[in-house]
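Below: the structure, in structure tokens.
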Amino acid sequence: MRKWKKILIITAALCILTGCGGAASESVNTVSIQNDGKIEHTIVEQFDRNYYDADELSEMAKERVDRYNAGTGSITCESVESGSGKIVVKMIYQSEADYTKFNNRELFYGTVGQASQSGYTLSGIVSVDGEAIDDAGLETFADNHIVIVQTKNGEELNVRVYDKILCGSENLTFSGKRDALITAADAETLSYIIFQ
């Protein structure tokens, strides 16, 4: 029974959306978009040493990554650390496709124009100052970068990008020039972050 609990916690940790930053210093799940297209995902979970061993969880994470990579995927479990009552798992995905497939949730990274060509309809976009941006205003961002991230019911996620955020979904809290926090919602949500 204990082994199944360990498997469930590492599977849950690896399936939760988020990633980046300085491992044990992160307090919320974070997805970080790198300018070379790689995705860093840091997963932060509560951790009880009485029931779980960080080394065993690290080995299970490595096994799951190895199984995925045996196909056509390319991901790395960079680290599994524990401390201050939490466990922090840092994953690196070579592409948005790897992130999407491994986590079974959507992530798009490209330009606003490419997102439109891929069938995404942007709505409810506001500037970092909270002013609504209409369709005509969105057209001016066609060549800017966009990250589209799916979160599950009740999930909070920080998204970090490599350049200045210009605007995004209404459900975002902008914290700094490159970070946007997706607030927890009562339903599965797609959020949009447009940046330079």
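Chain lettering (A, B, ...) mirrors the order of the structure tokens, residue numbering begins at 1 for each chain separately, and ligand numbering begins at 1 in order of display.
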Contact table region 30-138 of chain A vs region 143-154 of chain A, cut-off 8 Å, shortest pair per residue, only C-alpha atoms, as a tab-separated table:
```
residue	atom	partner	partner_atom	distance
A:Arg105	CA	A:Gln150	CA	6.0
A:Glu106	CA	A:Gln150	CA	5.1
A:Leu107	CA	A:Val149	CA	4.7
A:Phe108	CA	A:Ile148	CA	4.9
A:Tyr109	CA	A:Val147	CA	4.7
A:Gly110	CA	A:His145	CA	5.5
A:Thr111	CA	A:His145	CA	4.2
A:Val112	CA	A:Ile146	CA	5.6
A:Gly113	CA	A:Asp143	CA	6.3
A:Ala115	CA	A:Ile146	CA	7.7
```
Would you list the contacts of Glu81 (chain A) as an MDAnalysis selection string, taking every protein, DNA or RNA residue within 10 Å and counting only C-alpha atoms, but skipping same-chain residues closer than 2 positions in sequence? chainID A and resid 23:24 44 54:55 57:58 79 83 86:90
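Inside region 103-176 of chain A, the residues DSSP reads as alpha helix (DSSP H) when given the backbone are Asn103, Val112, Gly113, Gln114, Ala115, Ser116, Gln117, Asp135, Ala136, Gly137, Leu138 and Glu139 of chain A.
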Take the residues that were just selected and, keeping N, CA, C and O atoms, output them as a PDB file, in the first residue's frame.
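Wrote it out as part.pdb, contents follow:
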```
ATOM      1  N   ASN A 103       2.113  15.687 -19.913  1.00  0.00           N
ATOM      2  CA  ASN A 103       1.211  16.169 -18.862  1.00  0.00           C
ATOM      3  C   ASN A 103      -0.267  16.049 -19.212  1.00  0.00           C
ATOM      4  O   ASN A 103      -1.117  16.345 -18.387  1.00  0.00           O
ATOM      5  N   VAL A 112       1.388  35.353 -31.986  1.00  0.00           N
ATOM      6  CA  VAL A 112      -0.067  35.539 -31.949  1.00  0.00           C
ATOM      7  C   VAL A 112      -0.662  35.138 -33.301  1.00  0.00           C
ATOM      8  O   VAL A 112      -1.703  34.481 -33.364  1.00  0.00           O
ATOM      9  N   GLY A 113       0.019  35.502 -34.398  1.00  0.00           N
ATOM     10  CA  GLY A 113      -0.438  35.120 -35.733  1.00  0.00           C
ATOM     11  C   GLY A 113      -0.491  33.607 -35.905  1.00  0.00           C
ATOM     12  O   GLY A 113      -1.454  33.065 -36.451  1.00  0.00           O
ATOM     13  N   GLN A 114       0.524  32.892 -35.421  1.00  0.00           N
ATOM     14  CA  GLN A 114       0.538  31.431 -35.509  1.00  0.00           C
ATOM     15  C   GLN A 114      -0.569  30.814 -34.665  1.00  0.00           C
ATOM     16  O   GLN A 114      -1.172  29.816 -35.057  1.00  0.00           O
ATOM     17  N   ALA A 115      -0.834  31.407 -33.515  1.00  0.00           N
ATOM     18  CA  ALA A 115      -1.914  30.910 -32.657  1.00  0.00           C
ATOM     19  C   ALA A 115      -3.251  31.034 -33.377  1.00  0.00           C
ATOM     20  O   ALA A 115      -4.074  30.113 -33.356  1.00  0.00           O
ATOM     21  N   SER A 116      -3.453  32.158 -34.048  1.00  0.00           N
ATOM     22  CA  SER A 116      -4.678  32.370 -34.813  1.00  0.00           C
ATOM     23  C   SER A 116      -4.801  31.344 -35.944  1.00  0.00           C
ATOM     24  O   SER A 116      -5.859  30.753 -36.151  1.00  0.00           O
ATOM     25  N   GLN A 117      -3.692  31.108 -36.657  1.00  0.00           N
ATOM     26  CA  GLN A 117      -3.692  30.113 -37.738  1.00  0.00           C
ATOM     27  C   GLN A 117      -3.935  28.704 -37.214  1.00  0.00           C
ATOM     28  O   GLN A 117      -4.458  27.851 -37.927  1.00  0.00           O
ATOM     29  N   ASP A 135     -10.388  43.405 -30.740  1.00  0.00           N
ATOM     30  CA  ASP A 135      -9.816  42.662 -31.868  1.00  0.00           C
ATOM     31  C   ASP A 135      -8.837  43.507 -32.677  1.00  0.00           C
ATOM     32  O   ASP A 135      -7.788  43.010 -33.101  1.00  0.00           O
ATOM     33  N   ALA A 136      -9.173  44.763 -32.900  1.00  0.00           N
ATOM     34  CA  ALA A 136      -8.277  45.644 -33.660  1.00  0.00           C
ATOM     35  C   ALA A 136      -6.958  45.823 -32.915  1.00  0.00           C
ATOM     36  O   ALA A 136      -5.889  45.817 -33.513  1.00  0.00           O
ATOM     37  N   GLY A 137      -7.032  45.950 -31.610  1.00  0.00           N
ATOM     38  CA  GLY A 137      -5.823  46.080 -30.802  1.00  0.00           C
ATOM     39  C   GLY A 137      -4.990  44.811 -30.825  1.00  0.00           C
ATOM     40  O   GLY A 137      -3.753  44.869 -30.863  1.00  0.00           O
ATOM     41  N   LEU A 138      -5.659  43.662 -30.835  1.00  0.00           N
ATOM     42  CA  LEU A 138      -4.942  42.380 -30.881  1.00  0.00           C
ATOM     43  C   LEU A 138      -4.155  42.214 -32.177  1.00  0.00           C
ATOM     44  O   LEU A 138      -3.092  41.587 -32.190  1.00  0.00           O
ATOM     45  N   GLU A 139      -4.673  42.772 -33.257  1.00  0.00           N
ATOM     46  CA  GLU A 139      -3.982  42.657 -34.547  1.00  0.00           C
ATOM     47  C   GLU A 139      -2.592  43.274 -34.502  1.00  0.00           C
ATOM     48  O   GLU A 139      -1.695  42.826 -35.217  1.00  0.00           O
TER      49      GLU A 139
END
```
7 Å contact set for region 167-173 of chain A, only C-alpha atoms, chain neighbours under 4 positions out, as a PDB file with C-alpha atoms, in the first residue's frame:
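Saved file selection-v8.pdb follows:
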```pdb
ATOM      1  CA  GLY A 124     -10.890  38.623 -22.743  1.00  0.00           C
ATOM      2  CA  ILE A 125      -7.393  40.071 -23.256  1.00  0.00           C
ATOM      3  CA  VAL A 126      -6.283  42.963 -21.057  1.00  0.00           C
ATOM      4  CA  SER A 127      -3.122  45.046 -20.850  1.00  0.00           C
ATOM      5  CA  VAL A 128      -0.859  44.719 -17.820  1.00  0.00           C
ATOM      6  CA  ALA A 180       1.998  36.122 -14.690  1.00  0.00           C
ATOM      7  CA  LEU A 181       0.032  34.129 -12.129  1.00  0.00           C
ATOM      8  CA  ILE A 182      -2.986  32.199 -13.425  1.00  0.00           C
ATOM      9  CA  THR A 183      -5.514  32.286 -10.610  1.00  0.00           C
ATOM     10  CA  SER A 191      -4.979  31.360 -20.388  1.00  0.00           C
ATOM     11  CA  TYR A 192      -3.071  33.618 -22.771  1.00  0.00           C
ATOM     12  CA  ILE A 193       0.163  35.531 -22.134  1.00  0.00           C
ATOM     13  CA  ILE A 194       1.404  37.829 -24.925  1.00  0.00           C
ATOM     14  CA  PHE A 195       4.982  39.088 -24.660  1.00  0.00           C
TER      15      PHE A 195
END
```
Go through A:Val80, A:Asp179, A:Tyr162, A:Asp186 and flag the residue nearest Asn35 (chain A), using only C-alpha atoms for the distances.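 Once distances to Asn35 (chain A) are computed over only C-alpha atoms, the minimum belongs to A:Tyr162.
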Taking 5 positions as the minimum chain separation for residues in the same chain, which residues sit within 8 Å of Arg160 (chain A) when counting only C-alpha atoms? Answer as a PyMOL selection string. chain A and resi 20+30-33+178-180
Quick one, how far is CA of Gly37 (chain A) from CA of Gln94 (chain A)?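 Distance reported for this atom pair: 7.0 Å.
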